[in-house]
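Visitor: Can you keep this structure in mind? I'll have questions shortly.
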Amino acid sequence: MLATVRPHSWDLPLFLHVLGAMVLVGALATAALLAFAAWRRPGVSVYGRAALWSLLVVGVPAYVVMRVGAQWTYSKEGFTGKDDPTWIGIGFMAADFGLLLLLATTGVAFWWQRSGKIAAARTVSVLSSVYLILLAVAWFAMSAK
Amino acid sequence: MSTVDWLLALHVTGAFFLVGGSVMAATLNVLALRSTVPSESAQLLRLIKTTVIVIGIGVVLTLVLGLWLVHRVGYSYGAFWVWAAIALWVIVNALGGIGGRHQERARELAERLAAEGDTPSDELRALLRDRRGNAMSYGAGLATLLILVLMIWKPGA
């Protein structure tokens, strides 16, 4: 049904958007997992280094691919910003507020890696979890429309 | 929301679990490979167990809800993109299972070496860099990517 209403020229931008979002979720979930593991084992220094690497090397490029794919799909579908459907607004909110969250999480992960402080690990776990919930709301709204 | 809307949203949720969990496992595996001492590799490889649960949820949701969607929307099970995706799903599980067992062997060795003095080991490095073991995991990742391509382009629909 979807294939019959969506022209094939939209497929590549949509693929990039979805793939970027899925990899971003993986990177954030990795950072969250490492940060929660640090709550139980605060002395393990590799967790902080691994969380920063996951966010910087995997998360940030995935965000760029997701966001570029989103804008490309948006222009292909002919939306103008006037009377756009609600699910588009939810997507933009998750992307734009999410960028702030991603940068803040990466910054705190850098602090965690440098200082080894458990407060930094706990902040990373909270920020990455909040962003994951935001992304889950967005993918649910965008797939169900 | 209609039944199809719910099925599609939950099917996509399953895909996020499957791909997201695979990214988690791959990231932790690469980081374990880059670690200098066995204890660090062991700490990271131990966390892969959690990602297996995430991947498992994704594997079940994508297949069950995907087949339900095909039936509900009225696609043909004989359409190329449907049967090819099912075949790739089987390949993902087979390769992922073999790759997972390889990572499990690496974790056991890393934990033993960590308990025996935690000095860098050529044996662990060789196991973590083993081409066959890693090829299985990367093959599973590639097959997952191909499933996503089929789901978007739907060739033969």
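So you can find residues: chains in the structure tokens are A, B, ... in the order shown, residues in each start at 1, and ligands are numbered from 1 in order.
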When the cut-off is 9 Å and we count only C-alpha atoms, which residues of chain B are near chain A, given as a PyMOL selection string?
Guide: chain B and resi 1+4-10+12-13+15-25+27-28+31+35+40-41+43-44+47+50-51+73-75+145+148-149+152-154+157
Visitor: When you draw a straight line from CA of Leu142 (chain B) to CA of Glu108 (chain B), how long is it in Å?
Guide: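 These two atoms are separated by 26.5 Å.
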Visitor: Would you work out the distance separating CA of Ala85 (chain B) from CA of Ala135 (chain B), expressed in Å to one decimal?
Guide: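 That distance, rounded to one decimal, is 20.4 Å.
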Visitor: Choose the residue, out of B:Gly141, B:Gly78, B:Pro120, B:Gly156, that has the smallest atom-to-atom separation from Thr36 (chain B); count only C-alpha atoms.
Guide: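 Comparing B:Gly141, B:Gly78, B:Pro120, B:Gly156 against Thr36 (chain B), the winner is B:Pro120.
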Visitor: Rank B:Leu63, B:Ile48, B:Pro38, B:Trp83 by their smallest atom-to-atom distance to Asp122 (chain B), using only C-alpha atoms, and report the top residue only.
Guide: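 Among the listed residues, B:Pro38 lies closest to Asp122 (chain B).
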Visitor: Could you jot down the CA of Asn134 (chain B) to CA of Val30 (chain B) separation for me, Å, one decimal place?
Guide: 10.1 Å
Visitor: Of the residues A:Phe110, A:Pro61, A:Ser115, A:Ala32, which is the one nearest to Leu127 (chain A), using only C-alpha atoms?
Guide: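 Of A:Phe110, A:Pro61, A:Ser115, A:Ala32, the one nearest Leu127 (chain A), counting only C-alpha atoms, is A:Ala32.
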Visitor: Counting only C-alpha atoms, what is within 7 Å of Glu111 (chain B), bar same-chain residues fewer than 2 positions away, as an mmCIF file with N, CA, C and O atoms, in the first residue's frame?
Guide:
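Result written to out_35.cif:
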data_model
loop_
_atom_site.group_PDB
_atom_site.id
_atom_site.type_symbol
_atom_site.label_atom_id
_atom_site.label_comp_id
_atom_site.auth_asym_id
_atom_site.auth_seq_id
_atom_site.Cartn_x
_atom_site.Cartn_y
_atom_site.Cartn_z
ATOM 1 N N PRO B 38 43.041 -6.969 28.769
ATOM 2 C CA PRO B 38 41.905 -7.906 28.722
ATOM 3 C C PRO B 38 40.722 -7.496 29.596
ATOM 4 O O PRO B 38 39.568 -7.733 29.211
ATOM 5 N N SER B 39 40.970 -6.869 30.758
ATOM 6 C CA SER B 39 39.846 -6.518 31.641
ATOM 7 C C SER B 39 38.900 -5.522 30.965
ATOM 8 O O SER B 39 37.683 -5.610 31.114
ATOM 9 N N ALA B 42 36.890 -7.378 28.401
ATOM 10 C CA ALA B 42 35.887 -8.206 29.080
ATOM 11 C C ALA B 42 34.688 -7.365 29.517
ATOM 12 O O ALA B 42 33.534 -7.782 29.361
ATOM 13 N N ARG B 107 34.947 -13.161 25.007
ATOM 14 C CA ARG B 107 34.654 -12.652 26.357
ATOM 15 C C ARG B 107 35.198 -13.595 27.422
ATOM 16 O O ARG B 107 35.817 -13.164 28.402
ATOM 17 N N GLU B 108 34.998 -14.901 27.215
ATOM 18 C CA GLU B 108 35.487 -15.877 28.204
ATOM 19 C C GLU B 108 37.005 -15.810 28.328
ATOM 20 O O GLU B 108 37.548 -15.831 29.440
ATOM 21 N N LEU B 109 37.692 -15.701 27.191
ATOM 22 C CA LEU B 109 39.163 -15.608 27.222
ATOM 23 C C LEU B 109 39.594 -14.311 27.903
ATOM 24 O O LEU B 109 40.517 -14.314 28.730
ATOM 25 N N LEU B 113 41.946 -14.053 31.190
ATOM 26 C CA LEU B 113 43.213 -13.316 31.169
ATOM 27 C C LEU B 113 43.205 -12.167 32.185
ATOM 28 O O LEU B 113 44.236 -11.879 32.803
ATOM 29 N N ALA B 114 42.042 -11.527 32.351
ATOM 30 C CA ALA B 114 41.934 -10.432 33.328
ATOM 31 C C ALA B 114 42.175 -10.952 34.741
ATOM 32 O O ALA B 114 42.818 -10.285 35.564
ATOM 33 N N ALA B 115 41.709 -12.165 35.004
ATOM 34 C CA ALA B 115 41.877 -12.752 36.344
ATOM 35 C C ALA B 115 43.302 -13.257 36.561
ATOM 36 O O ALA B 115 43.735 -13.427 37.696
#
Visitor: Give me the residues near Asn93 (chain B) as a PyMOL selection string, where near means some atom within 10 Å (using only C-alpha atoms) and where sequence neighbours in that chain fewer than 3 positions away do not count.
Guide: chain B and resi 55-56+59+88-90+96-99+140+143-144
Visitor: Write to file, as a PDB file, in the first residue's frame, the residues of the selection just made, with C-alpha atoms.
Guide:
ATOM      1  CA  ILE B  55      18.115  -7.639  18.988  1.00  0.00           C
ATOM      2  CA  GLY B  56      15.911 -10.610  19.971  1.00  0.00           C
ATOM      3  CA  VAL B  59      13.877 -10.067  15.414  1.00  0.00           C
ATOM      4  CA  LEU B  88      17.565 -12.458   4.613  1.00  0.00           C
ATOM      5  CA  TRP B  89      15.926 -12.588   8.049  1.00  0.00           C
ATOM      6  CA  VAL B  90      16.941 -16.271   8.286  1.00  0.00           C
ATOM      7  CA  GLY B  96      24.367 -13.391  13.998  1.00  0.00           C
ATOM      8  CA  GLY B  97      24.238 -16.599  16.036  1.00  0.00           C
ATOM      9  CA  ILE B  98      27.661 -17.756  14.780  1.00  0.00           C
ATOM     10  CA  GLY B  99      29.168 -14.270  15.274  1.00  0.00           C
ATOM     11  CA  ALA B 140      24.573 -10.281   9.573  1.00  0.00           C
ATOM     12  CA  ALA B 143      21.916  -8.634   5.508  1.00  0.00           C
ATOM     13  CA  THR B 144      20.005  -6.408   7.962  1.00  0.00           C
TER      14      THR B 144
END
Visitor: Ranking A:Lys82, A:Arg40, A:His17, A:Arg114 by minimum distance to Val65 (chain A) and counting only C-alpha atoms, which one comes first?
Guide: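 When distances to Val65 (chain A) are compared using only C-alpha atoms, the smallest one comes from A:His17.
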